[in-house]
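> Following this message is one structure expressed as structure tokens.
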Amino acid sequence: MITSDNTTTVNILSAQAKEVRKELLKMIYTAKSGHPGGSLSAADIMTVLYFHEMNIDPKNPGWDDRDRFILSKGHTCPVLYTCLGLKGYFDREIMGTLRSHGSILQGHPDMNKCPGVDMSTGSLGQGLSAAVGMALRGKRDNMDYRVIVLLGDGECNEGQIWEAVQTAVKYELNNLIILVDNNGLQNDGTCNDIMPGGDLVEKFSAFGCRTLGIDGHCIYEIMDALALTRNPENLTPFCIVCRTVKGKGVSFMENIVSWHGTPPDDEQFLRAIYEIEEGV
């Protein structure tokens, strides 16, 4: 049931997601480089995580009891950097330095440069293995933090993903949450054409995860699914497969493969910002 309190929260987060979309596009436009498609498809998920769900402290990025987040599909770092910047991990002026020489905001997240980045990522498939290691440490030391990792559906072609899932299930890592940005596209085409991954809900379930499929653009569904991960009686990792649209929020980018890694020009940028603001 959606209560009045939840409705207020959803409205606030929906407005925040618009801001995230505008800022990440501004970042990519300014850099004349970056990946808008997958950043936009993950914007609602990331908004709920950073502005509602995760136990984090921007003033103390290295706080040992914080929840950890790993963006395994590291090329979509503009959405991560935007959330970190808007949360106050660094000065907002830095958001205009994406991919610049010497910037803390490199083309893939670097934990040694950017506050709030818990794991450097770039090569697809490796983020989940790192998340498993972090979750194991939390279990070993009886800590309460959770480890949340965001995968791409194309990334799930990597065999290392499934080795990591098997390990997480074996060690009953119920402090691990796997999110899949299931937008159906990757760099060279549709996921089904490049390497069919099958039904990811069924696949993660078959490997032993508690798995749920949701609308990855419905703030309430994202909130509700994440709330279900807090049941301490369950002793397996939780996977949420989020159905999303690549380029979500910008009509001429939605479901278009070429917007995987293409920055907008002047006219396209202005049109994109207008569409996001107006909800076209």
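In the structure tokens, each chain is lettered A, B, ... as it comes, each chain's residues begin at 1, and ligands are numbered from 1 in order of appearance.
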Could you list, as a PyMOL selection string, every residue within 10 Å of A:Val20, counting only C-alpha atoms and ignoring same-chain residues fewer than 5 positions away?
chain A and resi 14-15+25-26+39-40+43-44+46-47+78-83+85-86
> Mind checking which residues fall within 9 Å of A:Thr229, counting only C-alpha atoms, ignoring those fewer than 5 positions away in the same chain, and posting them as JSON, numbers by chain?
{"A": [174, 175, 176, 177, 210, 234, 237, 238, 239]}
> Restricting it to N, CA and C atoms, dump the selection as an mmCIF file, in the first residue's frame.

```cif
data_model
loop_
_atom_site.group_PDB
_atom_site.id
_atom_site.type_symbol
_atom_site.label_atom_id
_atom_site.label_comp_id
_atom_site.auth_asym_id
_atom_site.auth_seq_id
_atom_site.Cartn_x
_atom_site.Cartn_y
_atom_site.Cartn_z
ATOM 1 N N ASN A 174 23.713 -12.457 2.923
ATOM 2 C CA ASN A 174 22.459 -11.712 2.903
ATOM 3 C C ASN A 174 22.673 -10.215 3.105
ATOM 4 N N ASN A 175 23.927 -9.803 3.231
ATOM 5 C CA ASN A 175 24.268 -8.382 3.279
ATOM 6 C C ASN A 175 24.666 -7.853 1.901
ATOM 7 N N LEU A 176 24.453 -8.662 0.861
ATOM 8 C CA LEU A 176 24.777 -8.291 -0.511
ATOM 9 C C LEU A 176 23.494 -8.095 -1.318
ATOM 10 N N ILE A 177 23.392 -6.955 -1.986
ATOM 11 C CA ILE A 177 22.254 -6.653 -2.853
ATOM 12 C C ILE A 177 22.781 -6.430 -4.270
ATOM 13 N N ARG A 210 17.708 -14.750 -3.853
ATOM 14 C CA ARG A 210 16.327 -14.274 -3.767
ATOM 15 C C ARG A 210 16.205 -13.195 -4.825
ATOM 16 N N ASN A 234 16.403 -14.196 6.019
ATOM 17 C CA ASN A 234 16.874 -14.757 4.763
ATOM 18 C C ASN A 234 18.394 -14.794 4.756
ATOM 19 N N PRO A 237 21.943 -13.873 -0.813
ATOM 20 C CA PRO A 237 21.977 -12.544 -1.424
ATOM 21 C C PRO A 237 20.675 -12.241 -2.151
ATOM 22 N N PHE A 238 20.375 -10.957 -2.284
ATOM 23 C CA PHE A 238 19.135 -10.520 -2.923
ATOM 24 C C PHE A 238 19.484 -9.885 -4.261
ATOM 25 N N CYS A 239 18.741 -10.238 -5.297
ATOM 26 C CA CYS A 239 18.946 -9.660 -6.624
ATOM 27 C C CYS A 239 17.658 -8.987 -7.090
#
```
> What does the distance between atom CA of A:Asp65 and atom CA of A:Met111 come to in Å, to one decimal place?
17.3 Å
> Find the residue from A:Val117, A:Ala130, A:Ile273, A:Ile194 that sits nearest to A:Glu163; use only C-alpha atoms when measuring.
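Looking at the shortest contact to A:Glu163, the residue is A:Ala130.
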> For the strand (DSSP E or B) assignment from backbone DSSP, which residues of stretch 149-195 of chain A qualify? Please present them as a PyMOL selection string.
chain A and resi 149-152+176-182+185-186+189-190
> Keeping N, CA and C atoms, export the residues of the selection given above as a PDB file, in the first residue's frame.

```pdb
ATOM      1  N   VAL A 149      25.613  -3.524  -5.370  1.00  0.00           N
ATOM      2  CA  VAL A 149      26.350  -3.462  -6.628  1.00  0.00           C
ATOM      3  C   VAL A 149      25.357  -3.337  -7.782  1.00  0.00           C
ATOM      4  N   LEU A 150      25.659  -2.447  -8.724  1.00  0.00           N
ATOM      5  CA  LEU A 150      24.812  -2.265  -9.901  1.00  0.00           C
ATOM      6  C   LEU A 150      25.519  -2.848 -11.123  1.00  0.00           C
ATOM      7  N   LEU A 151      24.864  -3.812 -11.754  1.00  0.00           N
ATOM      8  CA  LEU A 151      25.367  -4.460 -12.963  1.00  0.00           C
ATOM      9  C   LEU A 151      24.578  -3.986 -14.176  1.00  0.00           C
ATOM     10  N   GLY A 152      25.186  -4.101 -15.353  1.00  0.00           N
ATOM     11  CA  GLY A 152      24.446  -3.954 -16.591  1.00  0.00           C
ATOM     12  C   GLY A 152      24.004  -5.314 -17.078  1.00  0.00           C
ATOM     13  N   LEU A 176      24.453  -8.662   0.861  1.00  0.00           N
ATOM     14  CA  LEU A 176      24.777  -8.291  -0.511  1.00  0.00           C
ATOM     15  C   LEU A 176      23.494  -8.095  -1.318  1.00  0.00           C
ATOM     16  N   ILE A 177      23.392  -6.955  -1.986  1.00  0.00           N
ATOM     17  CA  ILE A 177      22.254  -6.653  -2.853  1.00  0.00           C
ATOM     18  C   ILE A 177      22.781  -6.430  -4.270  1.00  0.00           C
ATOM     19  N   ILE A 178      22.276  -7.220  -5.207  1.00  0.00           N
ATOM     20  CA  ILE A 178      22.659  -7.107  -6.611  1.00  0.00           C
ATOM     21  C   ILE A 178      21.520  -6.425  -7.359  1.00  0.00           C
ATOM     22  N   LEU A 179      21.823  -5.338  -8.035  1.00  0.00           N
ATOM     23  CA  LEU A 179      20.856  -4.650  -8.879  1.00  0.00           C
ATOM     24  C   LEU A 179      21.298  -4.782 -10.329  1.00  0.00           C
ATOM     25  N   VAL A 180      20.367  -5.091 -11.207  1.00  0.00           N
ATOM     26  CA  VAL A 180      20.683  -5.206 -12.635  1.00  0.00           C
ATOM     27  C   VAL A 180      19.908  -4.143 -13.399  1.00  0.00           C
ATOM     28  N   ASP A 181      20.641  -3.291 -14.124  1.00  0.00           N
ATOM     29  CA  ASP A 181      20.026  -2.299 -15.001  1.00  0.00           C
ATOM     30  C   ASP A 181      19.724  -3.002 -16.325  1.00  0.00           C
ATOM     31  N   ASN A 182      18.531  -3.520 -16.433  1.00  0.00           N
ATOM     32  CA  ASN A 182      18.143  -4.407 -17.528  1.00  0.00           C
ATOM     33  C   ASN A 182      17.489  -3.590 -18.649  1.00  0.00           C
ATOM     34  N   LEU A 185      20.080  -3.113 -24.049  1.00  0.00           N
ATOM     35  CA  LEU A 185      21.039  -2.678 -25.067  1.00  0.00           C
ATOM     36  C   LEU A 185      22.446  -2.652 -24.500  1.00  0.00           C
ATOM     37  N   GLN A 186      23.424  -2.837 -25.380  1.00  0.00           N
ATOM     38  CA  GLN A 186      24.827  -2.666 -25.012  1.00  0.00           C
ATOM     39  C   GLN A 186      25.549  -1.967 -26.150  1.00  0.00           C
ATOM     40  N   GLY A 189      24.838  -3.297 -29.894  1.00  0.00           N
ATOM     41  CA  GLY A 189      23.508  -3.714 -30.338  1.00  0.00           C
ATOM     42  C   GLY A 189      22.637  -4.137 -29.180  1.00  0.00           C
ATOM     43  N   THR A 190      21.594  -4.897 -29.483  1.00  0.00           N
ATOM     44  CA  THR A 190      20.735  -5.390 -28.416  1.00  0.00           C
ATOM     45  C   THR A 190      21.436  -6.541 -27.698  1.00  0.00           C
TER      46      THR A 190
END
```
> Got a sec to tell me which of stretch 45-146 of chain A DSSP assigns to alpha helix (DSSP H), as a count of residues only?
29
> Skipping near chain neighbours, those fewer than 4 positions away, what residues fall within 10 Å of A:Cys191 using only C-alpha atoms, listed as a PyMOL selection string?
chain A and resi 153-157+182-187+195-198
> Those same residues - C-alpha atoms - I'd like them written as a PDB file, in the first residue's frame.

```pdb
ATOM      1  CA  ASP A 153      22.471  -6.653 -18.377  1.00  0.00           C
ATOM      2  CA  GLY A 154      25.127  -6.832 -21.108  1.00  0.00           C
ATOM      3  CA  GLU A 155      27.701  -7.214 -18.360  1.00  0.00           C
ATOM      4  CA  CYS A 156      25.919 -10.373 -17.258  1.00  0.00           C
ATOM      5  CA  ASN A 157      27.457 -12.064 -20.323  1.00  0.00           C
ATOM      6  CA  ASN A 182      18.143  -4.407 -17.528  1.00  0.00           C
ATOM      7  CA  ASN A 183      17.777  -1.963 -20.437  1.00  0.00           C
ATOM      8  CA  GLY A 184      18.238  -4.497 -23.225  1.00  0.00           C
ATOM      9  CA  LEU A 185      21.039  -2.678 -25.067  1.00  0.00           C
ATOM     10  CA  GLN A 186      24.827  -2.666 -25.012  1.00  0.00           C
ATOM     11  CA  ASN A 187      27.601  -0.984 -26.980  1.00  0.00           C
ATOM     12  CA  MET A 195      24.723 -12.731 -26.590  1.00  0.00           C
ATOM     13  CA  PRO A 196      21.268 -13.747 -25.369  1.00  0.00           C
ATOM     14  CA  GLY A 197      21.201 -13.748 -21.574  1.00  0.00           C
ATOM     15  CA  GLY A 198      17.781 -15.311 -21.128  1.00  0.00           C
TER      16      GLY A 198
END
```
> Of the candidates A:Asp215, A:Glu93, A:Asp265, A:Glu158, which one gets nearest to A:Val245 if we count only C-alpha atoms?
A:Asp215
> Near A:Gly38, within 6 Å and counting only C-alpha atoms, which residues show up once chain neighbours fewer than 3 positions away are dropped, as a PyMOL selection string?
chain A and resi 41+76+246
> For atom CA of A:Leu128 and atom CA of A:Gly159, quote the distance in Å rounded to one decimal.
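These atoms are spaced 11.3 Å apart.
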> Calculate how many Å separate atom CA of A:Gly261 from atom CA of A:Ala31, rounding to one decimal.
12.3 Å
